[in-house]
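Below is the file query11.cif, which contains mmCIF, C-alpha atoms.
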```
data_my_file
#
loop_
_atom_site.group_PDB
_atom_site.id
_atom_site.type_symbol
_atom_site.label_atom_id
_atom_site.label_comp_id
_atom_site.auth_asym_id
_atom_site.auth_seq_id
_atom_site.Cartn_x
_atom_site.Cartn_y
_atom_site.Cartn_z
ATOM 1 C CA MET A 209 17.855 9.676 -37.202
ATOM 2 C CA THR A 210 17.855 9.461 -33.406
ATOM 3 C CA ARG A 211 18.750 12.673 -31.581
ATOM 4 C CA ARG A 212 21.306 12.280 -28.835
ATOM 5 C CA VAL A 213 22.807 14.315 -26.046
ATOM 6 C CA ALA A 214 26.250 15.197 -27.339
ATOM 7 C CA PRO A 215 28.920 15.520 -26.374
ATOM 8 C CA ALA A 216 28.328 13.541 -23.196
ATOM 9 C CA PRO A 217 30.780 14.164 -20.332
ATOM 10 C CA PRO A 218 33.279 11.340 -19.726
ATOM 11 C CA GLY A 219 31.638 8.446 -17.934
ATOM 12 C CA VAL A 220 28.108 9.740 -18.541
ATOM 13 C CA PRO A 221 25.927 7.647 -20.889
ATOM 14 C CA ALA A 222 24.616 9.285 -24.049
ATOM 15 C CA LEU A 223 20.825 9.634 -23.942
ATOM 16 C CA GLU A 224 18.109 9.647 -26.578
ATOM 17 C CA PRO A 225 14.642 11.217 -26.252
ATOM 18 C CA ILE A 226 11.474 9.238 -26.967
ATOM 19 C CA ARG A 227 7.830 10.302 -26.832
ATOM 20 C CA GLN A 228 6.848 8.160 -23.855
ATOM 21 C CA ASP A 229 4.524 9.230 -21.030
ATOM 22 C CA LEU A 230 4.859 7.867 -17.514
ATOM 23 C CA TYR A 231 1.665 6.376 -16.121
ATOM 24 C CA ASP A 232 0.459 4.546 -13.040
ATOM 25 C CA THR A 233 -2.915 3.165 -11.932
ATOM 26 C CA LYS A 234 -4.497 2.847 -8.502
ATOM 27 C CA VAL A 235 -7.819 1.427 -7.320
ATOM 28 C CA GLN A 236 -10.124 3.530 -5.147
ATOM 29 C CA ASP A 237 -12.282 1.112 -3.172
ATOM 30 C CA GLY A 238 -13.731 3.702 -0.789
ATOM 31 C CA THR A 239 -11.412 2.768 2.085
ATOM 32 C CA VAL A 240 -8.672 5.359 1.479
ATOM 33 C CA SER A 241 -8.618 9.146 1.363
ATOM 34 C CA THR A 242 -5.370 9.389 -0.636
ATOM 35 C CA LEU A 243 -4.259 7.705 -3.846
ATOM 36 C CA GLU A 244 -0.515 7.952 -4.471
ATOM 37 C CA PHE A 245 0.852 7.310 -7.949
ATOM 38 C CA PHE A 246 4.374 6.308 -9.066
ATOM 39 C CA ARG A 247 5.325 5.124 -5.575
ATOM 40 C CA ASN A 248 4.741 1.387 -5.113
ATOM 41 C CA PRO A 249 3.496 1.483 -8.706
ATOM 42 C CA GLY A 250 1.073 -0.823 -10.456
ATOM 43 C CA ILE A 251 -1.628 -3.331 -9.618
ATOM 44 C CA ALA A 252 -0.859 -7.000 -9.053
ATOM 45 C CA GLY A 253 -1.417 -9.050 -12.197
ATOM 46 C CA GLN A 254 -1.976 -6.045 -14.478
ATOM 47 C CA ALA A 255 1.634 -5.556 -15.712
ATOM 48 C CA GLU A 256 2.029 -2.713 -18.260
ATOM 49 C CA LEU A 257 -1.728 -2.154 -18.329
ATOM 50 C CA ALA A 258 -1.385 -0.537 -14.899
ATOM 51 C CA THR A 259 2.050 1.127 -15.028
ATOM 52 C CA ASN A 260 5.235 1.538 -17.042
ATOM 53 C CA MET A 261 7.347 2.502 -14.035
ATOM 54 C CA GLN A 262 10.542 0.443 -13.686
ATOM 55 C CA ALA A 263 11.428 1.561 -10.163
ATOM 56 C CA ASN A 264 9.639 2.629 -7.001
ATOM 57 C CA GLY A 265 9.093 6.399 -6.963
ATOM 58 C CA GLN A 266 12.028 7.294 -9.213
ATOM 59 C CA LEU A 267 13.584 6.775 -12.625
ATOM 60 C CA PRO A 268 16.446 4.275 -12.836
ATOM 61 C CA TYR A 269 19.861 5.716 -13.730
ATOM 62 C CA PRO A 270 20.527 7.202 -16.253
ATOM 63 C CA GLN A 271 16.909 7.862 -17.332
ATOM 64 C CA GLN A 272 15.463 11.363 -17.038
ATOM 65 C CA PHE A 273 12.055 12.839 -17.837
ATOM 66 C CA HIS A 274 10.763 16.205 -19.062
ATOM 67 C CA VAL A 275 7.191 16.827 -17.897
ATOM 68 C CA PHE A 276 4.954 18.939 -20.152
ATOM 69 C CA GLY A 277 1.601 18.128 -18.588
ATOM 70 C CA ILE A 278 -0.596 15.919 -16.425
ATOM 71 C CA ASN A 279 -3.899 14.192 -17.068
ATOM 72 C CA LEU A 280 -6.133 11.593 -15.478
ATOM 73 C CA GLU A 281 -8.176 8.644 -16.655
ATOM 74 C CA PHE A 282 -11.079 7.361 -14.544
ATOM 75 C CA ILE A 283 -11.918 3.692 -15.122
ATOM 76 C CA PRO A 284 -15.314 2.691 -13.682
ATOM 77 C CA THR A 285 -15.169 -1.006 -14.574
ATOM 78 C CA PHE A 286 -11.453 -1.820 -14.334
ATOM 79 C CA GLY A 287 -11.015 -5.518 -15.069
ATOM 80 C CA GLU A 288 -14.771 -6.171 -15.287
ATOM 81 C CA ALA A 289 -17.478 -6.285 -17.917
ATOM 82 C CA ALA A 290 -19.030 -2.861 -18.454
ATOM 83 C CA SER A 291 -22.538 -2.223 -17.219
ATOM 84 C CA VAL A 292 -24.389 0.730 -18.718
ATOM 85 C CA SER A 293 -26.740 0.961 -15.729
ATOM 86 C CA TYR A 294 -23.820 1.038 -13.301
ATOM 87 C CA ASP A 295 -21.701 3.367 -15.412
ATOM 88 C CA ASN A 296 -24.522 5.886 -15.528
ATOM 89 C CA LEU A 297 -24.433 5.891 -11.723
ATOM 90 C CA PHE A 298 -20.651 6.255 -11.763
ATOM 91 C CA TRP A 299 -20.680 9.290 -14.024
ATOM 92 C CA GLN A 300 -23.400 10.870 -11.905
ATOM 93 C CA ASN A 301 -21.137 10.453 -8.877
ATOM 94 C CA LYS A 302 -17.790 11.277 -10.425
ATOM 95 C CA LYS A 303 -18.401 15.022 -10.609
ATOM 96 C CA LYS A 304 -18.915 14.999 -6.844
ATOM 97 C CA VAL A 305 -15.857 12.784 -6.425
ATOM 98 C CA LEU A 306 -13.686 15.193 -8.427
ATOM 99 C CA GLU A 307 -14.991 18.265 -6.633
ATOM 100 C CA LEU A 308 -14.002 16.762 -3.278
ATOM 101 C CA CYS A 309 -10.343 16.018 -4.061
ATOM 102 C CA PHE A 310 -7.189 17.832 -5.107
ATOM 103 C CA MET A 311 -4.015 16.794 -6.925
ATOM 104 C CA ARG A 312 -0.457 17.201 -5.673
ATOM 105 C CA PHE A 313 2.588 16.708 -7.934
ATOM 106 C CA ARG A 314 5.874 16.645 -6.022
ATOM 107 C CA ILE A 315 9.502 16.162 -7.039
ATOM 108 C CA GLY A 316 11.875 15.662 -4.146
ATOM 109 C CA SER A 317 10.617 17.969 -1.377
ATOM 110 C CA LYS A 318 9.003 20.557 -3.685
ATOM 111 C CA ASP A 319 5.419 20.741 -4.895
ATOM 112 C CA TYR A 320 5.118 21.635 -8.588
ATOM 113 C CA LEU A 321 1.330 21.560 -8.754
ATOM 114 C CA VAL A 322 -1.443 21.652 -6.146
ATOM 115 C CA ASP A 323 -4.836 22.121 -7.746
ATOM 116 C CA PRO A 324 -8.438 20.855 -7.528
ATOM 117 C CA ALA A 325 -8.657 17.583 -9.453
ATOM 118 C CA LYS A 326 -11.615 18.749 -11.526
ATOM 119 C CA ARG A 327 -9.233 21.155 -13.300
ATOM 120 C CA ILE A 328 -7.119 18.269 -14.600
ATOM 121 C CA PRO A 329 -8.448 17.263 -18.039
ATOM 122 C CA ALA A 330 -9.085 13.783 -19.375
ATOM 123 C CA GLY A 331 -6.361 12.859 -21.809
ATOM 124 C CA LEU A 332 -8.116 9.539 -22.245
ATOM 125 C CA GLY A 333 -11.673 8.563 -21.453
ATOM 126 C CA PRO A 334 -15.118 10.008 -22.076
ATOM 127 C CA ALA A 335 -15.142 13.474 -23.563
ATOM 128 C CA GLY A 336 -15.559 16.142 -20.908
ATOM 129 C CA PHE A 337 -15.551 13.686 -18.011
ATOM 130 C CA ALA A 338 -14.717 16.455 -15.548
ATOM 131 C CA ASN A 339 -17.665 18.609 -16.532
ATOM 132 C CA GLY A 340 -20.832 16.627 -15.906
ATOM 133 C CA ALA A 341 -22.666 13.363 -16.460
ATOM 134 C CA GLN A 342 -21.206 11.125 -19.135
ATOM 135 C CA ALA A 343 -22.559 7.613 -19.678
ATOM 136 C CA ILE A 344 -20.490 4.814 -21.115
ATOM 137 C CA ASP A 345 -22.951 4.425 -24.000
ATOM 138 C CA ALA A 346 -21.766 7.827 -25.255
ATOM 139 C CA PHE A 347 -18.275 6.445 -25.943
ATOM 140 C CA PRO A 348 -19.010 5.519 -29.571
ATOM 141 C CA THR A 349 -20.148 9.049 -30.438
ATOM 142 C CA ASN A 350 -17.713 11.074 -28.349
ATOM 143 C CA GLY A 351 -14.742 8.779 -28.768
ATOM 144 C CA LEU A 352 -11.445 8.894 -26.868
ATOM 145 C CA GLN A 353 -9.568 12.107 -26.323
ATOM 146 C CA ASP A 354 -6.078 12.762 -27.614
ATOM 147 C CA ILE A 355 -3.333 12.257 -25.040
ATOM 148 C CA GLN A 356 -2.156 15.825 -25.767
ATOM 149 C CA HIS A 357 -5.242 17.115 -23.942
ATOM 150 C CA TYR A 358 -3.515 17.752 -20.631
ATOM 151 C CA TYR A 359 -3.006 20.284 -17.860
ATOM 152 C CA ASP A 360 0.027 22.249 -19.042
ATOM 153 C CA VAL A 361 2.643 22.574 -16.299
ATOM 154 C CA THR A 362 5.331 24.179 -18.480
ATOM 155 C CA ILE A 363 6.464 27.797 -18.488
ATOM 156 C CA ARG A 364 7.979 29.914 -21.255
ATOM 157 C CA GLN A 365 11.358 31.558 -20.883
ATOM 158 C CA GLY A 366 12.884 33.540 -23.708
ATOM 159 C CA GLY A 367 10.216 32.307 -26.072
ATOM 160 C CA LYS A 368 11.050 28.662 -25.362
ATOM 161 C CA ILE A 369 8.964 26.126 -23.456
ATOM 162 C CA LYS A 370 10.675 24.983 -20.268
ATOM 163 C CA PRO A 371 9.378 21.596 -19.075
ATOM 164 C CA ILE A 372 9.720 20.361 -15.520
ATOM 165 C CA HIS A 373 12.771 18.129 -15.195
ATOM 166 C CA ILE A 374 12.830 14.853 -13.246
ATOM 167 C CA PRO A 375 16.462 13.717 -12.894
ATOM 168 C CA ALA A 376 17.515 10.102 -12.595
ATOM 169 C CA GLN A 377 16.980 8.569 -9.143
ATOM 170 C CA GLN A 378 15.031 11.612 -7.901
ATOM 171 C CA SER A 379 11.916 10.797 -5.901
ATOM 172 C CA PHE A 380 8.573 12.023 -7.254
ATOM 173 C CA PHE A 381 4.882 11.247 -6.947
ATOM 174 C CA VAL A 382 1.374 12.386 -7.837
ATOM 175 C CA GLN A 383 -1.416 12.278 -5.247
ATOM 176 C CA LEU A 384 -5.164 12.571 -5.296
ATOM 177 C CA VAL A 385 -6.328 13.618 -1.830
ATOM 178 C CA TRP A 386 -9.879 13.693 -0.442
ATOM 179 C CA PRO A 387 -9.377 15.938 2.629
ATOM 180 C CA PHE A 388 -12.896 15.313 3.978
ATOM 181 C CA GLY A 389 -12.595 11.525 3.900
ATOM 182 C CA ASN A 390 -13.238 8.654 1.529
ATOM 183 C CA PRO A 391 -15.136 9.395 -1.688
ATOM 184 C CA THR A 392 -18.634 7.937 -1.937
ATOM 185 C CA VAL A 393 -19.575 6.109 -5.129
ATOM 186 C CA ASN A 394 -22.147 3.425 -5.806
ATOM 187 C CA ARG A 395 -19.586 0.702 -6.359
ATOM 188 C CA GLU A 396 -17.087 -1.572 -4.620
ATOM 189 C CA GLY A 397 -14.235 0.174 -6.396
ATOM 190 C CA TRP A 398 -12.938 1.924 -9.487
ATOM 191 C CA ALA A 399 -9.537 2.872 -10.833
ATOM 192 C CA VAL A 400 -7.709 6.069 -11.659
ATOM 193 C CA ARG A 401 -4.735 6.248 -14.003
ATOM 194 C CA ALA A 402 -2.397 9.257 -13.738
ATOM 195 C CA TYR A 403 -0.216 10.315 -16.676
ATOM 196 C CA LEU A 404 2.852 12.510 -16.719
ATOM 197 C CA VAL A 405 2.914 13.684 -20.328
ATOM 198 C CA GLY A 406 6.366 14.331 -21.711
ATOM 199 C CA ILE A 407 9.693 13.084 -23.051
ATOM 200 C CA LEU A 408 11.613 10.151 -21.596
ATOM 201 C CA TRP A 409 15.395 10.323 -21.955
ATOM 202 C CA ARG A 410 16.939 6.852 -21.979
ATOM 203 C CA GLU A 411 20.384 5.416 -22.587
ATOM 204 C CA VAL A 412 21.364 4.931 -26.223
ATOM 205 C CA GLN A 413 21.684 1.204 -26.903
#
```
Would it be possible to restate this file's structure as C-alpha cells?
Amino acid sequence: MTRRVAPAPPGVPALEPIRQDLYDTKVQDGTVSTLEFFRNPGIAGQAELATNMQANGQLPYPQQFHVFGINLEFIPTFGEAASVSYDNLFWQNKKKVLELCFMRFRIGSKDYLVDPAKRIPAGLGPAGFANGAQAIDAFPTNGLQDIQHYYDVTIRQGGKIKPIHIPAQQSFFVQLVWPFGNPTVNREGWAVRAYLVGILWREVQ
C-alpha cells in the first residue's frame, strides 16, 4: 500500500514518497574551475542518462525531497569506448583532481555542506575511487558499489533521523570547485555525476 501525507490541508495535493535519488551530470573538459549540478541540468542528447531533474534548479510544485546523503560518480569515458590504457592514466590523475577541489551543497541562500571532494564516497563506480589508483580493468573483480554508500548529511534528534528538506520551488545546487584553477587530466574531458540520495515526495495520481 502506498503511504500518503494525510490529512492534507484544503487545496494542498496529497503526496506519496518514493525511493528516488536526484542526479545530474556535467562534463569537465579542463576549461572550467567550477561544475554546478542541478542548475541548467543535463547534457544535450543524453536525456535521463544525464539527469532526472524536471526543472532548472528546483523541484516543480508540489514535489519535495528529503536528502539523506550525497555521492559522486566519475565517468572517464562518458559516451566513448573505454580504453584501459587511458583509464589507467585517468585513475592516476583523479586522486590529484579530487584533492584539489571541494563540494558545496546549498539550498536557497544557506550552505548545508562544504567539504573536500575526496571525502565524498563513490555510490557508483570503481570501489574506493577516492582513495588511490583504480584501473577500469578492476571493475569485474571489484564491481559497482551500492547507492547507499554515501556521505551522510542527516542528523539525529530525539532518536530519529532528520533529513535535509528541499521544499517545492526552492532553489538548490551542488558545486565542485577547483579554487586553484582548472583540473589537469590527460584527456579532452570526463564527466561527473552528482547524486542527492533520499526520498522524493510526489503528487498522488
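In this comparison, which uses all atoms listed in the file, the residue of A:Asn264, A:Asn279, A:Gln365, A:Thr239 approaching Gly406 (chain A) most closely is A:Asn279.
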Next on the checklist: Applying the PyMOL selection byres ((chain A and resi 250) around 12) to the file I just gave you, which residues come out? Please list them as a ChimeraX atom specification.
Outcome noted: /A:230-235,244-249,251-265,399-402
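We find CA of Cys309 (chain A) and CA of Phe276 (chain A) to be spaced 22.4 Å apart.
Our summary of the geometry notes that CA of Val405 (chain A) is positioned 12.2 Å from CA of Ile374 (chain A).
Minimum atom-to-atom distances from A:Leu408, A:Val305, A:Ile328, A:Ile315 to Val385 (chain A) were compared using all atoms listed in the file, and the lowest value belongs to A:Val305.
Distances to Gly316 (chain A) were evaluated for A:Gln378, A:Gln228, A:Gln272, A:Thr242 using all atoms listed in the file, and the minimum falls at A:Gln378.
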Next on the checklist: To test your reading of the syntax: which residues would the PyMOL selection byres ((chain A and resi 371) around 8) return for the file shown? Reply as a list in words.
Outcome noted: His274, Val275, Phe276, Val361, Thr362, Ile363, Ile369, Lys370, Ile372 and His373 of chain A
Hey, could you pull the box centre and edge lengths for region 359-370 of chain A, axis-aligned, 6 Å padding per side, all listed atoms, to one decimal in Å, as JSON?
```
{"center_x": 4.9, "center_y": 26.9, "center_z": -21.2, "size_x": 27.9, "size_y": 25.3, "size_z": 21.8}
```
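Between Val322 (chain A) and the residues A:Gln271, A:Phe282, A:Val382, A:Leu308, the shortest atom-to-atom distance, using all atoms listed in the file, involves A:Val382.
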Checklist entry - How many Å lie between CA of Pro225 (chain A) and CA of Met311 (chain A), rounded to one decimal? => result 27.4 Å
